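These notes concern the structure reproduced below.
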Amino acid sequence: MARTSAVMAEFGRFYEQQYAVALFNSVRYEIEGGGNTQTQLLHRKEPLKNKSIFSGGLFQYLEESKKWRSRFLYHADSYNISLYESKAVRVINCAGYRALTSMEEYLGLLNNSLGDTKAKSASAPFLKCPTQFPLILWHPYARHHYFCVMTEKEQKKWHAVFQDCVRHSNNGLSEECKVATPAFTDALRLYRQAKGHYGTWDMMCGNQAQILANLVMETLHPELKNLIVPRLKGKLQQRQKDWMLISDAVYRQVLSQTKTQHEALAQVCEMERPRLDSALRTDMDQIITSKEHVSGKIRALVSPRIEQLVRSKVQPYIHSILEALMEPTSRGFSEVRDILFRELVEVSKNTMNDSSREKLGEHMDKISMLAFHPVKMQNCYEKMEALNLEGLQQRCDVSSPSVFIQRAQILMRQQMDNAVHTFEQLVHQSLDGHSGEDLCKTIQRCQDRVLKKYDYDSSTVRKKFFREALLQIIIPYMLKQLSTSCSPDLPKFKELIFEDFSRFILVESIFEEAVLQSVSKDIMMAVKEAAVQRRHNLYRDSMVLTNSDPNLHLLGEDTIDWAGQFGGVKGETQGGEVTNRKRKQIVSMIQLDGVPIEKEPGSPESVTEIRDLINPVLEVVEKDSSQLTNRMLPLEEGDEVKHITTVTEIVSRESPKKVEGELDATQIERALEEQQCVSAIESAIQQIEIAIQEDPGEHLSEGAIDSDGEFAQTSKNSSPLHHDDSGFQSPANENVEEVEPQPDTGDEVVDAEQVMLTLVEGVKTSIDLDAKATCDASEKKTEVETTADRCLL
């Protein structure tokens, strides 16, 4: 496409220029040194290693068949959504999307995209949601995805999960690339400034190819809309659908081209890097001297104009902008601290009740992934949603506050994970040589220590966020105001730069640095004043020690495998290497809540059924009821009959293969979750058995399965075909062990009365069956099976 090639060619010129500048800054930083303030909390290197986020079932609208179908959704640590339909899988990259829960909100966005004034008054969508709880992934250019659930509670959970996927996908480019990332972002900013767009940009989402595709579509999409939409025929709903298909097809084509061309551009720059790096290291002193000389000349020219602009149109608004940022951000970080405190107190209480290392390992394993649980963290994220920058959006060319909202939410998650990781390391270090009572006190000391460090780091992180946000708002505004008066004078300064150094010294970059330095002092002062006044619990810089706890930073950065070290869950050996059998899952599989679901194999639906797994129910099938005397079977001494159930209807028992063949499409898809149910059942058995042994009447209700359990621990190799539904919160979803299913030997058709005897666990269970039955040898087979065995079929 000609438009894509033209945009990429112009962007490529900016990128090549900024690549050399970014390389110069990186090498200079490496040579001169420098560093940031030492954080108090520890950082985890790979927080999601061997983890998956969530999985579950919901309904999706298929545009091809125009029908709603049940789909299994699985999400690993990539934050991409994988939808499984039979053996096929469809992956959704959430970059640039918005998660909606209202059909009205969706129609508003759709009609604005269509640009039809008549459409705005229409209320009927082109699809009808079968429930009142839709979930829609909307993108301005790409295909939309439609889902629905059955209850409002499930809708909130799924919405939190989808928002987390979008938030992570929109989190920007990797900061580990010290040259490529700043070169790309600066080239993108300069390209948009050349087109007259100085402010923040909502569509800087995803990887480089996706961002460049959004850059092309920013101008191409309106032109296509003006050209194609007036020619669309049919009713409004059909025109909406046709336009969406056209937009998606164009976007996918553009994305394919930007990916190919960006890879070629990046490869050219990387091939040139060794030569540039060598020149930099050889002439670094001369390059720095030349740059400082040119910078002094430029500042002498533009400083009076910059200072006038700062005094009249920037300084009066800095404090109001800062206050708008501080209020919701600080409330969000305060909520993070509250959730952290509650979870740590819960660990301390549980340790007081049971101080064994195994139980401590279980509790610590649950809390380790707290920061990545979207439902648990939702209250923190919602505080930031209240950010209101009205008035600034027009004055400072701020497209929307979403850029700052998502950035603050990511920082909240990072701080929560840092605090939890530090707590883990401190507790792990203190485990040796402590009794139960000492261990509880040690955990409390670790808790107080971590919370104090969180307060320091939270203040430091927020102040840095405020400074960066103010610069993002103010600098583009100042550059736009100064471009007319200053830009014509800049080219003449190029004569002062040696040709050999011209790749690394750009007068436009020097001018922007001068603008940045002029306003940074005022921004720093405003943030410092807020800290001195203890506004929103901000600490003064002098109170934050640069390295107050050196021994803490000697601890390891690797994630601790609490379940493996203390819970007895060990890896399997394959090919000489120890591998984990399952992957842990952070969020439990989200089920339809409050509606009847087809019973899956091996899934008890009530506390009675679960309790029957503890007190086994034996079924005795006899073809001749004449053995009964007064409707009783002879029992051995010590046996006890709790109740007798007589079944008079004929029950046909078919082989598992035949039953499987009769499953409909929905059941086949849900069969993927069978192993999840087995693990949850066994976990429930163990927990309820413990509770009943203590006090059956008191703890029975506590042992019920909680289908809304939010945290989960799955095994290490979790996949759509093999995952676990054990929950963080539900005590009935712990200590899961895999049990092999038992074969079903009852293939015969029963045409006589069936008598069910329930025997109390712990008593003698042998039953004297009448050996004088007149049946054939094959017909005299007595079927004895427990309810637990049947659940595993």
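To be explicit about the labels: the chains of the structure tokens are called A, B, and onward in the order shown, and within each one the residues are counted from 1, while ligands get numbers from 1 in the order they are shown.
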
Selection near Ala187 in chain A, 8 Å with only C-alpha atoms, sequence-local residues under 3 positions removed, as an MDAnalysis selection string
chainID A and resid 11 14:15 18 183:184 190:191

Based on the selection just made, write N, CA and C atoms of those residues as a PDB file, in the first residue's frame.
ATOM      1  N   PHE A  11       9.086   8.166   8.409  1.00  0.00           N
ATOM      2  CA  PHE A  11       9.434   7.766   9.768  1.00  0.00           C
ATOM      3  C   PHE A  11      10.855   7.219   9.819  1.00  0.00           C
ATOM      4  N   PHE A  14      13.527   9.878  10.391  1.00  0.00           N
ATOM      5  CA  PHE A  14      13.598  10.294  11.799  1.00  0.00           C
ATOM      6  C   PHE A  14      14.261   9.212  12.652  1.00  0.00           C
ATOM      7  N   TYR A  15      13.932   7.956  12.367  1.00  0.00           N
ATOM      8  CA  TYR A  15      14.455   6.867  13.190  1.00  0.00           C
ATOM      9  C   TYR A  15      15.970   6.752  13.060  1.00  0.00           C
ATOM     10  N   GLN A  18      17.543   9.577  15.088  1.00  0.00           N
ATOM     11  CA  GLN A  18      17.413   9.412  16.530  1.00  0.00           C
ATOM     12  C   GLN A  18      18.157   8.183  17.034  1.00  0.00           C
ATOM     13  N   ALA A 183      15.094   5.619  20.593  1.00  0.00           N
ATOM     14  CA  ALA A 183      15.147   6.052  19.198  1.00  0.00           C
ATOM     15  C   ALA A 183      13.772   5.958  18.561  1.00  0.00           C
ATOM     16  N   PHE A 184      13.059   4.893  18.833  1.00  0.00           N
ATOM     17  CA  PHE A 184      11.730   4.715  18.238  1.00  0.00           C
ATOM     18  C   PHE A 184      10.740   5.748  18.773  1.00  0.00           C
ATOM     19  N   LEU A 190       8.672  13.040  16.917  1.00  0.00           N
ATOM     20  CA  LEU A 190       9.065  14.052  15.938  1.00  0.00           C
ATOM     21  C   LEU A 190       8.247  13.942  14.658  1.00  0.00           C
ATOM     22  N   TYR A 191       7.918  12.731  14.261  1.00  0.00           N
ATOM     23  CA  TYR A 191       7.081  12.556  13.072  1.00  0.00           C
ATOM     24  C   TYR A 191       5.711  13.196  13.278  1.00  0.00           C
TER      25      TYR A 191
END

Which of range 119-223 of chain A end up as strand (DSSP E) when DSSP is run on this backbone - answer as a ChimeraX atom specification?
/A:133-138,145-149

Nearest to Arg71 in chain A by atom-to-atom distance, counting only C-alpha atoms, from A:Lys87, A:His197, A:Arg299, A:Lys225:
A:Lys87

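Across the structure, CA of Val532 in chain A and CA of Glu382 in chain A are spaced 27.7 Å apart.
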
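The space between CA of Ser368 in chain A and CA of Asn353 in chain A spans 20.3 Å.
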
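Comparing the minimum interatomic distances between Lys313 in chain A and each of A:Ser330, A:Pro222, A:Tyr477, A:Glu154, counting only C-alpha atoms, we find that A:Tyr477 sits nearest.
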
Pick out each residue of range 91-299 of chain A that DSSP on the backbone tags as alpha helix (DSSP H); I need them as a PyMOL selection string.
chain A and resi 103-114+152-169+180-194+208-228+236-299

Surrounding residues of Tyr454 in chain A excluding itself and chain neighbours under 5 positions, 9 Å, only C-alpha atoms, as an MDAnalysis selection string:
chainID A and resid 40:41 337 415:416 418:419 449 459

Those same residues - all heavy atoms - I'd like them written as a CSV table (one decimal), in the first residue's frame.
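What follows is the written file part01.csv:
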chain,number,residue,atom,x,y,z
A,40,GLN,N,14.0,0.7,48.3
A,40,GLN,CA,14.0,0.0,49.5
A,40,GLN,C,13.6,-1.4,49.3
A,40,GLN,O,14.0,-2.3,50.0
A,40,GLN,CB,13.1,0.7,50.5
A,40,GLN,CG,13.5,2.1,50.8
A,40,GLN,CD,14.9,2.2,51.5
A,40,GLN,OE1,15.1,1.7,52.6
A,40,GLN,NE2,15.8,2.9,50.9
A,41,LEU,N,12.6,-1.6,48.4
A,41,LEU,CA,12.1,-3.0,48.2
A,41,LEU,C,12.9,-3.7,47.1
A,41,LEU,O,13.5,-3.1,46.3
A,41,LEU,CB,10.6,-2.9,47.7
A,41,LEU,CG,9.6,-2.2,48.7
A,41,LEU,CD1,8.3,-2.0,48.1
A,41,LEU,CD2,9.5,-3.2,50.0
A,337,ARG,N,-1.5,-0.4,49.6
A,337,ARG,CA,-1.0,-0.7,50.9
A,337,ARG,C,-2.0,-1.4,51.8
A,337,ARG,O,-1.7,-2.3,52.6
A,337,ARG,CB,-0.6,0.6,51.6
A,337,ARG,CG,0.2,0.4,52.9
A,337,ARG,CD,0.4,1.8,53.6
A,337,ARG,NE,1.4,1.7,54.6
A,337,ARG,CZ,1.2,1.2,55.8
A,337,ARG,NH1,0.0,0.8,56.1
A,337,ARG,NH2,2.2,1.2,56.7
A,415,GLN,N,4.8,-2.0,42.4
A,415,GLN,CA,5.0,-1.8,43.8
A,415,GLN,C,4.5,-2.9,44.7
A,415,GLN,O,5.1,-3.3,45.7
A,415,GLN,CB,4.5,-0.5,44.3
A,415,GLN,CG,5.3,0.7,43.8
A,415,GLN,CD,6.7,0.7,44.3
A,415,GLN,OE1,7.6,0.4,43.5
A,415,GLN,NE2,6.9,0.9,45.5
A,416,MET,N,3.3,-3.4,44.3
A,416,MET,CA,2.7,-4.5,45.1
A,416,MET,C,3.6,-5.7,45.0
A,416,MET,O,3.9,-6.4,46.0
A,416,MET,CB,1.3,-4.8,44.6
A,416,MET,CG,0.7,-6.0,45.2
A,416,MET,SD,0.3,-5.9,47.0
A,416,MET,CE,-1.3,-5.1,46.9
A,418,ASN,N,6.8,-5.9,44.3
A,418,ASN,CA,8.0,-5.6,45.0
A,418,ASN,C,7.9,-5.9,46.5
A,418,ASN,O,8.7,-6.5,47.1
A,418,ASN,CB,8.5,-4.2,44.7
A,418,ASN,CG,9.0,-4.0,43.3
A,418,ASN,OD1,9.2,-4.9,42.6
A,418,ASN,ND2,9.1,-2.7,42.9
A,419,ALA,N,6.8,-5.4,47.0
A,419,ALA,CA,6.5,-5.5,48.5
A,419,ALA,C,6.3,-7.0,48.8
A,419,ALA,O,6.9,-7.5,49.8
A,419,ALA,CB,5.3,-4.7,48.9
A,449,ARG,N,8.3,-4.4,58.6
A,449,ARG,CA,9.5,-3.9,57.9
A,449,ARG,C,9.1,-3.6,56.4
A,449,ARG,O,9.5,-2.6,55.9
A,449,ARG,CB,10.6,-5.0,58.0
A,449,ARG,CG,12.0,-4.6,57.5
A,449,ARG,CD,12.9,-5.7,57.8
A,449,ARG,NE,14.3,-5.5,57.3
A,449,ARG,CZ,15.2,-6.4,57.3
A,449,ARG,NH1,15.0,-7.6,57.8
A,449,ARG,NH2,16.4,-6.1,56.8
A,459,SER,N,6.3,6.7,47.9
A,459,SER,CA,6.5,8.1,47.8
A,459,SER,C,7.5,8.4,46.7
A,459,SER,O,7.2,9.3,45.8
A,459,SER,CB,7.1,8.7,49.1
A,459,SER,OG,7.4,10.0,49.0

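Rounded to one decimal, CA of Gly196 in chain A and CA of Arg503 in chain A lie 25.1 Å from each other.
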
Contacts of Cys396 in chain A at 8 Å or less, counting only C-alpha atoms, minus same-chain residues fewer than 5 places along, as a list of chain:residue names?
A:Gly199, A:Ile473, A:Ile474, A:Pro476, A:Tyr477

Can you write out the residues you just picked, keeping all heavy atoms, as an mmCIF file, in the first residue's frame?
data_model
loop_
_atom_site.group_PDB
_atom_site.id
_atom_site.type_symbol
_atom_site.label_atom_id
_atom_site.label_comp_id
_atom_site.auth_asym_id
_atom_site.auth_seq_id
_atom_site.Cartn_x
_atom_site.Cartn_y
_atom_site.Cartn_z
ATOM 1 N N GLY A 199 0.684 16.676 21.319
ATOM 2 C CA GLY A 199 0.286 16.136 22.619
ATOM 3 C C GLY A 199 0.468 14.637 22.728
ATOM 4 O O GLY A 199 1.093 13.971 21.885
ATOM 5 N N ILE A 473 2.826 16.588 29.786
ATOM 6 C CA ILE A 473 1.727 17.520 29.526
ATOM 7 C C ILE A 473 2.253 18.878 29.074
ATOM 8 O O ILE A 473 1.730 19.488 28.128
ATOM 9 C CB ILE A 473 0.855 17.675 30.796
ATOM 10 C CG1 ILE A 473 0.147 16.347 31.101
ATOM 11 C CG2 ILE A 473 -0.158 18.791 30.630
ATOM 12 C CD1 ILE A 473 -0.576 16.342 32.432
ATOM 13 N N ILE A 474 3.315 19.372 29.728
ATOM 14 C CA ILE A 474 3.753 20.751 29.521
ATOM 15 C C ILE A 474 4.697 20.887 28.329
ATOM 16 O O ILE A 474 4.572 21.841 27.539
ATOM 17 C CB ILE A 474 4.414 21.277 30.816
ATOM 18 C CG1 ILE A 474 3.376 21.369 31.927
ATOM 19 C CG2 ILE A 474 5.080 22.619 30.573
ATOM 20 C CD1 ILE A 474 3.962 21.726 33.275
ATOM 21 N N PRO A 476 5.129 19.288 25.345
ATOM 22 C CA PRO A 476 4.520 19.415 24.012
ATOM 23 C C PRO A 476 3.809 20.749 23.807
ATOM 24 O O PRO A 476 3.871 21.336 22.711
ATOM 25 C CB PRO A 476 3.529 18.250 23.971
ATOM 26 C CG PRO A 476 4.074 17.253 24.926
ATOM 27 C CD PRO A 476 4.674 18.060 26.027
ATOM 28 N N TYR A 477 3.163 21.237 24.868
ATOM 29 C CA TYR A 477 2.496 22.539 24.765
ATOM 30 C C TYR A 477 3.501 23.651 24.504
ATOM 31 O O TYR A 477 3.284 24.516 23.640
ATOM 32 C CB TYR A 477 1.721 22.800 26.055
ATOM 33 C CG TYR A 477 1.204 24.202 26.183
ATOM 34 C CD1 TYR A 477 0.102 24.632 25.465
ATOM 35 C CD2 TYR A 477 1.836 25.121 27.035
ATOM 36 C CE1 TYR A 477 -0.374 25.929 25.581
ATOM 37 C CE2 TYR A 477 1.371 26.413 27.159
ATOM 38 C CZ TYR A 477 0.266 26.815 26.426
ATOM 39 O OH TYR A 477 -0.201 28.112 26.539
#
